[in-house]
Amino acid sequence: MSESTSPSTRTPSAAVPASPRRGLVAWRNAVFTIFFLSGLSVASWVARIPAVRDDLQISLDTVGLVILGMSVGSIIGLTCSAAILARFGARIGMIFSLCLVAGGLVFIGLGSSVFGVLPVIVIGMAIFGFGNGSVDVMMNVEGAAAEREIGKTLMPLMHAFFSFGTMAGAALGAGASAIHLPVAAHLAAIALLIVAAVFVTVRFIPIRESVGDDPHTAAPRQPWVARLRENLAVFADTRLLLIGVIVLGTSFAEGSANDWIALAVVDGHGFDNTTGAIVFGVFVTAMTVGRVAGGPILDRFSRVPVLRACAALGVAGLSLFIFGGGSLPVVIVATVLWGLGCALGFPVGMSAAADDEKHAAARVSAVAIIGYCAFLAGPPLLGFLGQHFGILNALIVLLGLLVLAGLCAPAAREASRRVPAN
């Protein structure tokens, strides 16, 4: 066999004509912006949860049910994303999805500080979740396509832009709370920003017939229902399911940290609430740093060894966090390793799922559903286990899942590095 090409020397796909450098950069930046807007929207809602609770005088259990509305909407949006792409294409699909996100934010604000009606918030959360779930697949499909054309690994950096969006949303939310800005006014302003930005941004997304964008192609187009049926067939792909296991393990570890690491520091290691919040900040920072640095590292060493190294870091960090004795320096080091171990699983899984450009939307949707199910199901499961066995013991589940993700790493191997079947 001839020597495989590295990701940095990949040639542009034949499905999309080679674009001038300026056009490729604009495409990349447009995808960065979509990721940023998605993160901004999520953090804007999360930052105002205490205000929403106070406006309606509801219990934490009820807040959990409200969040469940977003979770259900997200799963439905993820499931429908391939159909939306097949019917409307990427440009219109992303406009539609982010407008739903904006509309959901407006509903949440109206239900909170204008009408004070819980069902309005629940409806808004479901709309918000649907929009974010569907745009998640579309932006990952576009990100993977831009990554192929540019010839460098960009998906981790794109996910870092989601993190930057959450940081901006959290800062704006904190500022809005500090000046006692009503939830409705704050979220309406964010919604207007998102709508204006997406209409400008999608102009730099290229027209691609492979995702249904080009209505003027000379070739006859398969009916979208038939395309949808064909897309659902990807779930029979063993390699795709193994990629899903990689995403499952790392997403489970990431989502569980988001929800439980601060409480584990307080209840498991005996520190105060402020220290718990600081350790959570350390985890988020480590995740962001890992994603910013991940692209060059992946281009240098390729997906499989990097995923294995990440899994090893995550296992080492979790083991240290659970069994390391609980001194603050040990907890900090363990948290950094845990965050770095989770940083690349989801974005690399999205890139690997999109290697088959013809079925990229369906494959990314399938893997994203697996990942989001881990985000949604993982924290409640750990809560149940923590209630019965202690929160630190509950985290042992994550060790097994990260080991499994490391074992499945070969499924994410770049197409140029795979050994052809005989």
# chains A, B, ... in the order shown; residues from 1 in each chain; ligands from 1
$ residues_around --residues "segment 329-342 of chain A" --least-positions-apart "5" --cutoff "10 Å" --atoms "only C-alpha atoms" --output "PyMOL selection string"
chain A and resi 247+249-255+257+261+265+269+278-291+294+306-322+324+402
$ select_by_dssp --residues "segment 37-228 of chain A" --states "helix (DSSP H, G or I)" --output "ChimeraX atom specification"
/A:37-47,49-56,60-114,118-150,155-178,183-204,209-211,224-228
$ closest_residue --among "A:Leu37, A:Ile121, A:Val403, A:Ile49" --to "Leu193 of chain A" --atoms "only C-alpha atoms"
A:Leu37
$ atom_distance --atom1 "atom CA of Leu100 of chain A" --atom2 "atom CA of Phe164 of chain A"
21.4 Å
$ atom_distance --atom1 "atom CA of Gly103 of chain A" --atom2 "atom CA of Ala360 of chain A"
27.8 Å
